[in-house]
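Student: See my_file14.csv below, with CSV, C-alpha atoms.
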chain,number,residue,atom,x,y,z
G,1,MET,CA,-12.2,3.3,-3.7
G,2,PHE,CA,-10.7,3.2,-0.2
G,3,SER,CA,-12.0,-0.1,1.2
G,4,SER,CA,-9.2,-2.2,-0.3
G,5,ALA,CA,-6.6,-0.4,1.8
G,6,GLY,CA,-8.8,0.0,4.9
G,7,SER,CA,-8.8,-2.1,8.0
G,8,ALA,CA,-11.9,-4.2,8.6
G,9,LEU,CA,-11.6,-3.6,12.3
G,10,ALA,CA,-13.0,-0.1,12.1
G,11,GLU,CA,-16.7,0.0,11.2
G,12,GLU,CA,-18.1,3.0,9.3
G,13,SER,CA,-20.3,5.1,11.5
G,14,THR,CA,-23.7,6.6,10.8
G,15,VAL,CA,-22.7,9.8,12.7
G,16,ASP,CA,-24.1,13.0,11.1
G,17,LEU,CA,-21.4,15.5,10.1
G,18,ALA,CA,-20.9,18.2,7.5
G,19,ASP,CA,-24.5,19.3,7.9
G,20,ASP,CA,-24.0,22.4,5.8
G,21,ALA,CA,-21.9,21.2,2.9
G,22,THR,CA,-22.7,19.8,-0.5
G,23,SER,CA,-20.2,17.0,-0.2
G,24,ALA,CA,-17.7,15.7,2.3
G,25,ILE,CA,-15.4,12.8,3.3
G,26,LEU,CA,-13.3,11.9,6.3
G,27,ILE,CA,-10.5,9.3,6.0
G,28,GLU,CA,-7.4,8.0,7.8
G,29,ARG,CA,-4.4,8.4,5.6
G,30,ASP,CA,-2.4,5.2,6.2
G,31,THR,CA,-5.3,2.7,5.8
G,32,GLY,CA,-7.5,4.8,3.6
G,33,GLN,CA,-10.4,3.8,5.9
G,34,VAL,CA,-13.5,6.0,5.3
G,35,LEU,CA,-14.8,7.3,8.7
G,36,TYR,CA,-17.6,9.4,7.2
G,37,GLU,CA,-18.8,10.5,3.8
G,38,LYS,CA,-21.6,12.6,2.3
G,39,ASN,CA,-22.2,12.6,-1.4
G,40,SER,CA,-18.5,12.0,-1.7
G,41,GLY,CA,-18.6,10.9,-5.4
G,42,GLU,CA,-20.5,14.0,-6.7
G,43,LYS,CA,-18.7,16.0,-9.4
G,44,LEU,CA,-18.2,19.5,-8.2
G,45,PRO,CA,-16.0,22.5,-9.0
G,46,PRO,CA,-12.9,22.1,-6.8
G,47,ALA,CA,-11.7,25.7,-7.0
G,48,SER,CA,-8.1,26.1,-5.6
G,49,MET,CA,-8.2,22.5,-4.2
G,50,THR,CA,-7.1,21.7,-7.7
G,51,LYS,CA,-3.6,22.7,-6.5
G,52,VAL,CA,-3.4,19.5,-4.4
G,53,MET,CA,-2.7,17.8,-7.7
G,54,THR,CA,-0.4,20.5,-8.8
G,55,MET,CA,1.6,20.2,-5.6
G,56,LEU,CA,1.6,16.4,-6.0
G,57,LEU,CA,3.2,16.6,-9.4
G,58,ILE,CA,5.8,19.1,-8.2
G,59,MET,CA,6.7,16.8,-5.2
G,60,GLU,CA,7.0,13.9,-7.6
G,61,ALA,CA,9.3,15.9,-9.8
G,62,ILE,CA,11.5,16.8,-6.8
G,63,ASP,CA,11.5,13.2,-5.6
G,64,SER,CA,12.6,11.9,-9.0
G,65,GLY,CA,15.4,14.6,-9.3
G,66,LYS,CA,13.8,16.2,-12.3
G,67,ILE,CA,13.8,19.6,-10.5
G,68,THR,CA,15.4,20.9,-7.3
G,69,TRP,CA,14.1,23.2,-4.6
G,70,ASP,CA,16.7,25.9,-5.4
G,71,GLU,CA,16.5,26.0,-9.2
G,72,LYS,CA,15.0,29.2,-10.7
G,73,VAL,CA,11.6,29.4,-12.4
G,74,ARG,CA,10.9,32.2,-14.8
G,75,THR,CA,7.5,33.8,-14.9
G,76,SER,CA,5.8,34.1,-18.3
G,77,GLU,CA,3.5,36.8,-19.4
G,78,ARG,CA,0.6,34.3,-19.2
G,79,ALA,CA,1.4,33.2,-15.7
G,80,ALA,CA,1.7,36.8,-14.5
G,81,SER,CA,-1.7,37.5,-16.0
G,82,MET,CA,-3.7,35.1,-13.7
G,83,GLY,CA,-6.3,36.8,-11.5
G,84,GLY,CA,-7.7,35.7,-8.2
G,85,SER,CA,-5.4,34.7,-5.4
G,86,GLN,CA,-1.8,35.5,-6.5
G,87,ILE,CA,1.6,36.5,-5.3
G,88,PHE,CA,1.8,39.3,-8.0
G,89,LEU,CA,4.5,37.8,-10.1
G,90,GLU,CA,5.9,40.1,-12.8
G,91,PRO,CA,6.6,38.9,-16.4
G,92,GLY,CA,10.2,37.7,-16.5
G,93,GLU,CA,10.5,37.5,-12.7
G,94,GLU,CA,12.4,34.5,-11.3
G,95,MET,CA,11.8,32.7,-8.1
G,96,THR,CA,13.1,29.4,-6.8
G,97,VAL,CA,10.9,26.3,-6.9
G,98,GLU,CA,10.8,26.5,-3.1
G,99,GLU,CA,9.5,30.1,-3.2
G,100,MET,CA,6.9,29.2,-5.9
G,101,MET,CA,5.8,26.3,-3.7
G,102,LYS,CA,5.3,28.7,-0.7
G,103,GLY,CA,3.3,30.9,-3.0
G,104,ILE,CA,1.1,28.0,-4.0
G,105,ALA,CA,0.8,26.2,-0.6
G,106,ILE,CA,0.4,29.3,1.6
G,107,ALA,CA,-1.2,32.0,-0.5
G,108,SER,CA,-2.9,29.8,-3.1
G,109,GLY,CA,-1.1,31.7,-5.9
G,110,ASN,CA,-2.7,31.1,-9.3
G,111,ASP,CA,0.2,32.8,-11.0
G,112,ALA,CA,2.7,30.6,-9.1
G,113,SER,CA,0.8,27.5,-10.1
G,114,VAL,CA,0.9,28.4,-13.8
G,115,ALA,CA,4.6,29.3,-13.6
G,116,MET,CA,5.4,25.9,-12.1
G,117,ALA,CA,3.1,24.1,-14.6
G,118,GLU,CA,5.0,25.8,-17.5
G,119,HIS,CA,8.4,25.1,-15.9
G,120,LEU,CA,7.6,21.4,-15.4
G,121,ALA,CA,5.8,20.6,-18.7
G,122,GLY,CA,6.7,23.4,-21.1
G,123,SER,CA,3.1,24.7,-21.2
G,124,GLU,CA,0.1,24.7,-18.9
G,125,GLU,CA,-1.8,22.6,-21.4
G,126,GLN,CA,0.9,19.9,-21.3
G,127,PHE,CA,0.9,20.0,-17.5
G,128,VAL,CA,-2.9,19.6,-17.4
G,129,GLN,CA,-2.4,16.5,-19.5
G,130,MET,CA,0.0,15.3,-16.8
G,131,MET,CA,-2.6,16.1,-14.1
G,132,ASN,CA,-5.3,14.1,-15.9
G,133,ASP,CA,-2.9,11.2,-16.6
G,134,LYS,CA,-2.1,11.1,-12.8
G,135,ALA,CA,-5.8,11.2,-12.0
G,136,LYS,CA,-6.2,8.0,-14.1
G,137,LYS,CA,-3.2,6.3,-12.4
G,138,LEU,CA,-4.7,7.2,-9.0
G,139,GLY,CA,-8.1,5.6,-10.1
G,140,LEU,CA,-10.0,8.9,-9.8
G,141,LYS,CA,-13.4,8.4,-11.4
G,142,ASN,CA,-15.0,11.8,-11.0
G,143,THR,CA,-12.1,14.2,-11.8
G,144,HIS,CA,-11.2,16.2,-14.9
G,145,PHE,CA,-8.8,19.1,-15.0
G,146,VAL,CA,-8.7,22.0,-17.4
G,147,ASN,CA,-6.2,24.2,-15.6
G,148,SER,CA,-3.5,24.0,-12.9
G,149,ASN,CA,-5.0,26.4,-10.4
G,150,GLY,CA,-8.8,25.9,-10.2
G,151,LEU,CA,-10.0,29.1,-11.7
G,152,PRO,CA,-13.5,28.6,-13.0
G,153,ALA,CA,-13.6,26.6,-16.3
G,154,GLU,CA,-16.1,24.4,-18.1
G,155,ASN,CA,-15.5,20.7,-17.6
G,156,HIS,CA,-13.2,21.3,-14.6
G,157,TYR,CA,-14.4,19.1,-11.8
G,158,SER,CA,-13.5,16.7,-9.0
G,159,SER,CA,-15.2,15.1,-6.0
G,160,ALA,CA,-14.6,14.9,-2.2
G,161,GLU,CA,-13.5,11.3,-2.5
G,162,ASP,CA,-11.1,12.0,-5.4
G,163,LEU,CA,-9.6,15.0,-3.5
G,164,ALA,CA,-9.0,12.8,-0.5
G,165,LEU,CA,-7.2,10.3,-2.7
G,166,MET,CA,-5.1,13.1,-4.1
G,167,ALA,CA,-4.3,14.3,-0.6
G,168,LYS,CA,-3.4,10.8,0.4
G,169,ALA,CA,-0.9,10.5,-2.5
G,170,LEU,CA,0.5,14.0,-1.8
G,171,LEU,CA,1.1,13.2,1.9
G,172,LYS,CA,3.5,10.4,1.0
G,173,TYR,CA,5.8,13.4,0.7
G,174,GLU,CA,5.7,14.6,4.3
G,175,GLU,CA,8.0,17.5,3.3
G,176,ILE,CA,5.0,19.2,1.7
G,177,THR,CA,3.7,19.9,5.2
G,178,LYS,CA,6.8,22.1,5.8
G,179,TYR,CA,5.0,24.6,3.5
G,180,THR,CA,1.3,23.9,3.9
G,181,SER,CA,1.6,24.2,7.7
G,182,LEU,CA,3.1,27.7,7.6
G,183,TYR,CA,0.6,30.3,8.8
G,184,GLU,CA,2.7,33.1,7.4
G,185,ASP,CA,6.0,33.8,5.6
G,186,TYR,CA,7.5,36.3,3.2
G,187,LEU,CA,8.6,36.4,-0.4
G,188,ARG,CA,11.1,38.8,-1.9
G,189,GLN,CA,12.6,39.5,1.5
G,190,ASP,CA,15.0,42.4,1.8
G,191,THR,CA,13.6,44.1,-1.3
G,192,ASP,CA,11.2,47.0,-1.9
G,193,ASP,CA,8.7,44.4,-3.1
G,194,GLU,CA,8.6,42.2,0.0
G,195,PHE,CA,5.4,40.2,0.0
G,196,TRP,CA,3.7,38.9,3.1
G,197,LEU,CA,2.1,35.4,2.7
G,198,VAL,CA,-0.8,34.5,5.0
G,199,ASN,CA,-2.2,31.0,4.9
G,200,THR,CA,-5.7,30.8,3.4
G,201,ASN,CA,-6.3,27.8,5.8
G,202,LYS,CA,-6.7,29.4,9.2
G,203,LEU,CA,-7.0,25.9,10.9
G,204,VAL,CA,-3.2,25.5,10.7
G,205,LYS,CA,-3.1,28.2,13.4
G,206,PHE,CA,-6.2,27.4,15.3
G,207,TYR,CA,-6.6,23.6,15.3
G,208,PRO,CA,-3.7,21.6,17.0
G,209,GLY,CA,-2.2,19.1,14.5
G,210,VAL,CA,-3.6,20.7,11.3
G,211,ASP,CA,-0.7,21.0,8.8
G,212,GLY,CA,-2.5,21.5,5.4
G,213,LEU,CA,-3.6,21.2,2.8
G,214,LYS,CA,-5.6,23.5,0.5
G,215,THR,CA,-8.6,25.8,0.7
G,216,GLY,CA,-10.8,26.7,-2.3
G,217,PHE,CA,-13.4,29.4,-3.1
G,218,THR,CA,-15.2,30.5,-6.2
G,219,ASN,CA,-18.8,31.8,-6.4
G,220,GLU,CA,-19.7,28.5,-8.1
G,221,ALA,CA,-17.8,26.2,-5.7
G,222,LYS,CA,-18.5,28.1,-2.5
G,223,TYR,CA,-16.1,27.5,0.4
G,224,CYS,CA,-14.1,24.3,0.2
G,225,LEU,CA,-11.2,22.8,2.2
G,226,THR,CA,-9.1,19.7,1.9
G,227,ALA,CA,-7.6,19.5,5.4
G,228,SER,CA,-5.0,17.3,6.9
G,229,ALA,CA,-4.1,16.8,10.6
G,230,ASN,CA,-1.5,14.7,12.3
G,231,LYS,CA,-2.1,13.9,16.0
G,232,ASN,CA,-1.2,10.9,18.2
G,233,GLY,CA,0.6,9.3,15.3
G,234,MET,CA,-2.6,9.3,13.2
G,235,ARG,CA,-3.0,11.4,10.1
G,236,ILE,CA,-6.6,12.3,9.1
G,237,ILE,CA,-7.8,13.9,5.9
G,238,ALA,CA,-11.1,15.8,5.8
G,239,VAL,CA,-12.6,17.3,2.7
G,240,VAL,CA,-15.6,19.7,2.7
G,241,MET,CA,-17.1,21.1,-0.5
G,242,GLY,CA,-19.8,23.7,-1.0
G,243,ALA,CA,-19.9,25.3,2.5
G,244,PRO,CA,-21.8,28.7,2.5
G,245,THR,CA,-19.2,30.6,4.5
G,246,PRO,CA,-15.5,30.2,5.6
G,247,LYS,CA,-16.8,29.9,9.2
G,248,ASP,CA,-19.1,27.1,8.3
G,249,ARG,CA,-16.4,25.4,6.3
G,250,ASN,CA,-13.9,25.5,9.2
G,251,ARG,CA,-16.6,24.4,11.7
G,252,GLN,CA,-17.5,21.4,9.8
G,253,VAL,CA,-13.9,20.3,9.2
G,254,THR,CA,-13.2,20.8,12.9
G,255,GLU,CA,-16.1,18.7,13.9
G,256,MET,CA,-15.0,15.9,11.5
G,257,LEU,CA,-11.5,16.0,12.9
G,258,ASP,CA,-12.8,16.0,16.5
G,259,TYR,CA,-14.9,12.9,15.7
G,260,ALA,CA,-11.9,11.0,14.2
G,261,TYR,CA,-9.6,11.7,17.0
G,262,SER,CA,-12.1,11.0,19.8
G,263,GLN,CA,-13.3,7.7,18.3
G,264,TYR,CA,-10.3,6.1,16.6
G,265,GLU,CA,-6.7,5.3,17.2
G,266,LEU,CA,-4.0,3.9,14.9
G,267,GLN,CA,-1.7,0.9,15.4
G,268,ARG,CA,1.4,1.5,13.3
G,269,ARG,CA,3.1,-1.9,12.5
G,270,TYR,CA,5.6,-0.9,9.8
G,271,ASP,CA,6.8,2.4,8.3
G,272,ARG,CA,6.9,3.0,4.6
G,273,GLY,CA,10.3,1.8,3.3
G,274,GLN,CA,10.9,-0.5,6.2
G,275,VAL,CA,12.6,-3.9,5.3
G,276,LEU,CA,10.1,-6.7,5.8
G,277,GLY,CA,12.2,-9.6,4.4
G,278,GLU,CA,14.2,-10.7,1.3
G,279,ALA,CA,13.2,-12.0,-2.1
G,280,GLU,CA,15.2,-14.5,-4.0
G,281,VAL,CA,16.4,-13.3,-7.4
G,282,SER,CA,16.7,-15.9,-10.1
G,283,LYS,CA,19.9,-15.4,-12.1
G,284,GLY,CA,20.6,-12.1,-10.5
G,285,SER,CA,24.0,-10.4,-9.8
G,286,THR,CA,23.0,-10.9,-6.2
G,287,LYS,CA,21.0,-13.8,-5.0
G,288,THR,CA,18.5,-11.8,-3.0
G,289,VAL,CA,17.0,-8.3,-2.8
G,290,PRO,CA,15.6,-6.6,0.4
G,291,ALA,CA,11.8,-6.3,0.3
G,292,LEU,CA,10.3,-3.0,1.5
G,293,ALA,CA,6.8,-1.9,2.6
G,294,LYS,CA,5.5,0.4,-0.2
G,295,GLU,CA,3.2,2.2,2.3
G,296,ASN,CA,2.9,2.5,6.0
G,297,VAL,CA,1.4,-0.6,7.4
G,298,SER,CA,-1.2,0.4,10.0
G,299,LEU,CA,-4.5,-0.8,11.5
G,300,LEU,CA,-7.3,1.7,12.4
G,301,MET,CA,-9.3,0.7,15.4
G,302,LYS,CA,-12.2,2.1,17.4
G,303,LYS,CA,-10.7,3.1,20.8
G,304,GLY,CA,-10.7,0.2,23.2
G,305,GLU,CA,-11.1,-2.4,20.5
G,306,ASN,CA,-9.6,-5.8,21.1
G,307,VAL,CA,-6.6,-6.5,18.8
G,308,GLU,CA,-5.7,-10.0,20.0
G,309,GLY,CA,-5.3,-12.7,17.4
G,310,ILE,CA,-3.9,-10.5,14.7
G,311,THR,CA,-1.4,-12.3,12.5
G,312,GLU,CA,0.8,-11.3,9.5
G,313,ARG,CA,1.5,-13.2,6.4
G,314,LEU,CA,4.3,-12.1,4.0
G,315,GLU,CA,4.1,-13.6,0.5
G,316,ILE,CA,7.2,-12.8,-1.5
G,317,ASN,CA,7.7,-14.1,-5.0
G,318,GLU,CA,10.9,-15.5,-6.5
G,319,ILE,CA,11.7,-13.0,-9.2
G,320,PRO,CA,13.9,-13.2,-12.3
G,321,ALA,CA,16.6,-10.7,-13.0
G,322,PRO,CA,16.8,-7.9,-13.9
G,323,VAL,CA,14.9,-6.2,-11.0
G,324,LYS,CA,14.3,-2.5,-10.8
G,325,LYS,CA,14.1,-0.5,-7.6
G,326,GLY,CA,10.5,-0.2,-6.6
G,327,ASP,CA,9.3,-3.3,-8.6
G,328,THR,CA,6.4,-5.1,-6.9
G,329,ILE,CA,7.8,-8.4,-5.5
G,330,GLY,CA,5.1,-9.5,-3.0
G,331,THR,CA,2.4,-8.6,-0.5
G,332,LEU,CA,2.1,-8.3,3.3
G,333,TYR,CA,-1.3,-9.4,4.7
G,334,VAL,CA,-2.5,-8.5,8.1
G,335,GLU,CA,-5.3,-10.9,9.2
G,336,LYS,CA,-7.6,-11.7,12.1
G,337,ASP,CA,-9.8,-14.9,12.2
G,338,GLY,CA,-9.1,-15.6,8.6
G,339,LYS,CA,-10.2,-12.1,7.5
G,340,ILE,CA,-7.8,-9.8,5.7
G,341,LEU,CA,-7.6,-6.5,7.6
G,342,SER,CA,-5.0,-4.9,5.3
G,343,GLU,CA,-2.8,-5.8,2.4
G,344,THR,CA,0.3,-3.8,1.5
G,345,THR,CA,2.4,-4.0,-1.6
G,346,VAL,CA,6.1,-5.1,-1.1
G,347,VAL,CA,8.7,-3.6,-3.4
G,348,ALA,CA,12.4,-4.1,-4.2
G,349,GLU,CA,14.8,-1.9,-2.4
G,350,GLU,CA,17.4,-1.7,-5.2
G,351,ASP,CA,18.2,-2.6,-8.7
G,352,VAL,CA,19.6,-6.1,-9.4
G,353,SER,CA,21.1,-6.7,-12.8
G,354,GLU,CA,21.4,-10.1,-14.5
G,355,ALA,CA,24.3,-12.2,-13.3
G,356,SER,CA,27.2,-12.6,-15.7
G,357,LEU,CA,27.9,-16.0,-17.2
G,358,TRP,CA,31.0,-16.3,-15.1
G,359,THR,CA,29.1,-15.6,-11.9
G,360,LEU,CA,26.5,-18.3,-12.8
G,361,MET,CA,29.2,-20.8,-13.6
G,362,LYS,CA,30.9,-20.1,-10.2
G,363,ARG,CA,27.6,-20.6,-8.4
G,364,THR,CA,26.9,-23.9,-10.2
G,365,THR,CA,30.5,-25.1,-9.4
G,366,SER,CA,30.1,-24.0,-5.8
G,367,ALA,CA,26.7,-25.9,-5.5
G,368,LEU,CA,28.2,-29.0,-7.0
G,369,VAL,CA,31.2,-29.0,-4.6
G,370,GLY,CA,28.9,-28.4,-1.7
G,371,ASN,CA,26.8,-31.4,-2.7
G,372,GLU,CA,29.9,-33.6,-3.0
G,373,ILE,CA,31.0,-32.6,0.5
G,374,ASN,CA,27.6,-33.3,1.9
Please rewrite the model in this file as structure tokens.

Tutor:
Amino acid sequence: MFSSAGSALAEESTVDLADDATSAILIERDTGQVLYEKNSGEKLPPASMTKVMTMLLIMEAIDSGKITWDEKVRTSERAASMGGSQIFLEPGEEMTVEEMMKGIAIASGNDASVAMAEHLAGSEEQFVQMMNDKAKKLGLKNTHFVNSNGLPAENHYSSAEDLALMAKALLKYEEITKYTSLYEDYLRQDTDDEFWLVNTNKLVKFYPGVDGLKTGFTNEAKYCLTASANKNGMRIIAVVMGAPTPKDRNRQVTEMLDYAYSQYELQRRYDRGQVLGEAEVSKGSTKTVPALAKENVSLLMKKGENVEGITERLEINEIPAPVKKGDTIGTLYVEKDGKILSETTVVAEEDVSEASLWTLMKRTTSALVGNEIN
């Protein structure tokens, strides 16, 4: 699942980690390189780590302009009735999207998750359909959702590998870590119902660089965590499922992060959205369109590894108008000794409409005049 995006420079290690977990995986975010895995494809109850997908769909809706951080979300009777972790929403109570996100990201609020699901899709059932559709788009093979918050339900499952992929997608929206990294905050401030939020992920306070993402616990799932850390310009995702205690869960994630940061380093070559070149547009209102990196372009290396002889090859297609912003228009290959280390999709920076007949005639005339002069 991850190998196509990963660098061939970093070799998977046989190190023994996550000794007391049912399943685990450790990846670097930019390349998707797997540094360690244990039963990572096994279908297991994800508990509240389900909310990684819920937060991803919220962030996509914000990014697309469908919703805004300051718009109000009304709590239904059903959302207010959720048990387990909650922020004690009352039926009819309104909070902003940002406040609801804090309730989800920090306190793992089941009620806030359902309120947001209903706000985005009209009903939780429709939102769950969106979750499963997104899972298919991400290529998740061992995931199926029944609800938006991870409360125990038949046929609700995921895997460590799939959760790492969800986290990788969510972390495209760096703004999410503004909420997942908070150790504590408040809701309903300056009211009689002020509510103190304390992060269920204690590593955001006790492990330098950890800024998310989501814990989980049910009797069936045991103690779980999808963790993200950002240190030395390298973002690592660690997932542990089925740990017997919170202490064991945190210890195993800490050991996985320690391993990653002690053994590997990241060479960032281009940032997501950086202009890599230009694509020619056939019969477009403009002749060219800037070509952007769809993802960060990075190489993951064992510390001290020789990186001499690395080359880049940018293949951009000539494309016919019209072009939509974000359309795939080429590929950037990073290679060494004829072996592809990474390949990154290149996309159009902006829309390009079809040229008018008048514009095409002017171009033809200009080209003919130019040929005559030459």

Student: I want to know what sits within 8 Å of Ser298 of chain G, based on all atoms listed in the file, with residues of the same chain fewer than 6 positions away left out; could you give that as a PDB file with C-alpha atoms, keeping the file's coordinate frame?

Tutor:
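Written out: result.pdb:
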ATOM      1  CA  ASP G  30      -2.400   5.200   6.200  1.00  0.00           C
ATOM      2  CA  THR G  31      -5.300   2.700   5.800  1.00  0.00           C
ATOM      3  CA  LEU G 266      -4.000   3.900  14.900  1.00  0.00           C
ATOM      4  CA  GLN G 267      -1.700   0.900  15.400  1.00  0.00           C
ATOM      5  CA  ARG G 268       1.400   1.500  13.300  1.00  0.00           C
ATOM      6  CA  ARG G 269       3.100  -1.900  12.500  1.00  0.00           C
ATOM      7  CA  TYR G 270       5.600  -0.900   9.800  1.00  0.00           C
TER       8      TYR G 270
END

Student: At a cut-off of 10 Å, using only C-alpha atoms, what residues contact segment 300-316 of chain G? Leave out same-chain residues fewer than 5 positions from it and give the result as number ranges by chain.

Tutor: G: 6-11, 28-33, 234, 260-268, 276-280, 291, 328-347

Student: Would you mind exporting the chosen residues as a PDB file, in the frame of the given file, restricted to C-alpha atoms?

Tutor:
ATOM      1  CA  GLY G   6      -8.800   0.000   4.900  1.00  0.00           C
ATOM      2  CA  SER G   7      -8.800  -2.100   8.000  1.00  0.00           C
ATOM      3  CA  ALA G   8     -11.900  -4.200   8.600  1.00  0.00           C
ATOM      4  CA  LEU G   9     -11.600  -3.600  12.300  1.00  0.00           C
ATOM      5  CA  ALA G  10     -13.000  -0.100  12.100  1.00  0.00           C
ATOM      6  CA  GLU G  11     -16.700   0.000  11.200  1.00  0.00           C
ATOM      7  CA  GLU G  28      -7.400   8.000   7.800  1.00  0.00           C
ATOM      8  CA  ARG G  29      -4.400   8.400   5.600  1.00  0.00           C
ATOM      9  CA  ASP G  30      -2.400   5.200   6.200  1.00  0.00           C
ATOM     10  CA  THR G  31      -5.300   2.700   5.800  1.00  0.00           C
ATOM     11  CA  GLY G  32      -7.500   4.800   3.600  1.00  0.00           C
ATOM     12  CA  GLN G  33     -10.400   3.800   5.900  1.00  0.00           C
ATOM     13  CA  MET G 234      -2.600   9.300  13.200  1.00  0.00           C
ATOM     14  CA  ALA G 260     -11.900  11.000  14.200  1.00  0.00           C
ATOM     15  CA  TYR G 261      -9.600  11.700  17.000  1.00  0.00           C
ATOM     16  CA  SER G 262     -12.100  11.000  19.800  1.00  0.00           C
ATOM     17  CA  GLN G 263     -13.300   7.700  18.300  1.00  0.00           C
ATOM     18  CA  TYR G 264     -10.300   6.100  16.600  1.00  0.00           C
ATOM     19  CA  GLU G 265      -6.700   5.300  17.200  1.00  0.00           C
ATOM     20  CA  LEU G 266      -4.000   3.900  14.900  1.00  0.00           C
ATOM     21  CA  GLN G 267      -1.700   0.900  15.400  1.00  0.00           C
ATOM     22  CA  ARG G 268       1.400   1.500  13.300  1.00  0.00           C
ATOM     23  CA  LEU G 276      10.100  -6.700   5.800  1.00  0.00           C
ATOM     24  CA  GLY G 277      12.200  -9.600   4.400  1.00  0.00           C
ATOM     25  CA  GLU G 278      14.200 -10.700   1.300  1.00  0.00           C
ATOM     26  CA  ALA G 279      13.200 -12.000  -2.100  1.00  0.00           C
ATOM     27  CA  GLU G 280      15.200 -14.500  -4.000  1.00  0.00           C
ATOM     28  CA  ALA G 291      11.800  -6.300   0.300  1.00  0.00           C
ATOM     29  CA  THR G 328       6.400  -5.100  -6.900  1.00  0.00           C
ATOM     30  CA  ILE G 329       7.800  -8.400  -5.500  1.00  0.00           C
ATOM     31  CA  GLY G 330       5.100  -9.500  -3.000  1.00  0.00           C
ATOM     32  CA  THR G 331       2.400  -8.600  -0.500  1.00  0.00           C
ATOM     33  CA  LEU G 332       2.100  -8.300   3.300  1.00  0.00           C
ATOM     34  CA  TYR G 333      -1.300  -9.400   4.700  1.00  0.00           C
ATOM     35  CA  VAL G 334      -2.500  -8.500   8.100  1.00  0.00           C
ATOM     36  CA  GLU G 335      -5.300 -10.900   9.200  1.00  0.00           C
ATOM     37  CA  LYS G 336      -7.600 -11.700  12.100  1.00  0.00           C
ATOM     38  CA  ASP G 337      -9.800 -14.900  12.200  1.00  0.00           C
ATOM     39  CA  GLY G 338      -9.100 -15.600   8.600  1.00  0.00           C
ATOM     40  CA  LYS G 339     -10.200 -12.100   7.500  1.00  0.00           C
ATOM     41  CA  ILE G 340      -7.800  -9.800   5.700  1.00  0.00           C
ATOM     42  CA  LEU G 341      -7.600  -6.500   7.600  1.00  0.00           C
ATOM     43  CA  SER G 342      -5.000  -4.900   5.300  1.00  0.00           C
ATOM     44  CA  GLU G 343      -2.800  -5.800   2.400  1.00  0.00           C
ATOM     45  CA  THR G 344       0.300  -3.800   1.500  1.00  0.00           C
ATOM     46  CA  THR G 345       2.400  -4.000  -1.600  1.00  0.00           C
ATOM     47  CA  VAL G 346       6.100  -5.100  -1.100  1.00  0.00           C
ATOM     48  CA  VAL G 347       8.700  -3.600  -3.400  1.00  0.00           C
TER      49      VAL G 347
END

Student: Applying 10 Å and only C-alpha atoms, which residues near Asn39 of chain G remain after dropping the ones on its own chain fewer than 5 positions away? List them as a PyMOL selection string.

Tutor: chain G and resi 21-25+159-161+241

Student: Dig up all the protein and nucleic acid residues within 9 Å of (-17.8, 26.8, -8.5) in the file frame, using only C-alpha atoms, and format them as a VMD selection string.

Tutor: chain G and resid 44 to 47 151 to 153 217 to 222 242

Student: Output C-alpha atoms for every residue in that selection, as a PDB file, in the frame of the given file.

Tutor:
ATOM      1  CA  LEU G  44     -18.200  19.500  -8.200  1.00  0.00           C
ATOM      2  CA  PRO G  45     -16.000  22.500  -9.000  1.00  0.00           C
ATOM      3  CA  PRO G  46     -12.900  22.100  -6.800  1.00  0.00           C
ATOM      4  CA  ALA G  47     -11.700  25.700  -7.000  1.00  0.00           C
ATOM      5  CA  LEU G 151     -10.000  29.100 -11.700  1.00  0.00           C
ATOM      6  CA  PRO G 152     -13.500  28.600 -13.000  1.00  0.00           C
ATOM      7  CA  ALA G 153     -13.600  26.600 -16.300  1.00  0.00           C
ATOM      8  CA  PHE G 217     -13.400  29.400  -3.100  1.00  0.00           C
ATOM      9  CA  THR G 218     -15.200  30.500  -6.200  1.00  0.00           C
ATOM     10  CA  ASN G 219     -18.800  31.800  -6.400  1.00  0.00           C
ATOM     11  CA  GLU G 220     -19.700  28.500  -8.100  1.00  0.00           C
ATOM     12  CA  ALA G 221     -17.800  26.200  -5.700  1.00  0.00           C
ATOM     13  CA  LYS G 222     -18.500  28.100  -2.500  1.00  0.00           C
ATOM     14  CA  GLY G 242     -19.800  23.700  -1.000  1.00  0.00           C
TER      15      GLY G 242
END

Student: Find the spatial neighbours of segment 124-129 of chain G, counting only C-alpha atoms, within a cut-off of 8 Å - ignore same-chain residues fewer than 3 positions away - and output them as a list of chain:residue names.

Tutor: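 Contacts, in chain order: G:Val114, G:Ala117, G:Glu118, G:Leu120, G:Ala121, G:Asn132, G:Asp133, G:Phe145, G:Val146, G:Asn147, G:Ser148.
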
Student: Out of G:Glu77, G:Asp162, G:Asp211, G:Asp63, which residue has the shortest atom-to-atom distance to Val239 of chain G when counting all atoms listed in the file?

Tutor: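 Distance minimum relative to Val239 of chain G lands on G:Asp162.
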
Student: Quick one: pull the distance between atom CA of Ser81 of chain G and atom CA of Thr180 of chain G, Å, one decimal.

Tutor: 24.3 Å

Student: Considering only C-alpha atoms, can you say which of G:Asp16, G:Asp351, G:Glu98, G:Glu93 comes closest to Ile176 of chain G?

Tutor: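 The closest residue to Ile176 of chain G is G:Glu98.
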
Student: Nearest to Ala238 of chain G among G:Trp196, G:Tyr179, G:Tyr259, G:Phe206, with distances taken over all atoms listed in the file: which residue is it?

Tutor: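 Of G:Trp196, G:Tyr179, G:Tyr259, G:Phe206, the one nearest Ala238 of chain G is G:Tyr259, counting all atoms listed in the file.
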
Student: Find the distance between atom CA of Ala79 of chain G and atom CA of Leu225 of chain G and write it in Å to one decimal.

Tutor: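 These two atoms are separated by 24.2 Å.
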
Student: How many Å lie between atom CA of Val352 of chain G and atom CA of Leu292 of chain G, rounded to one decimal?

Tutor: 14.7 Å
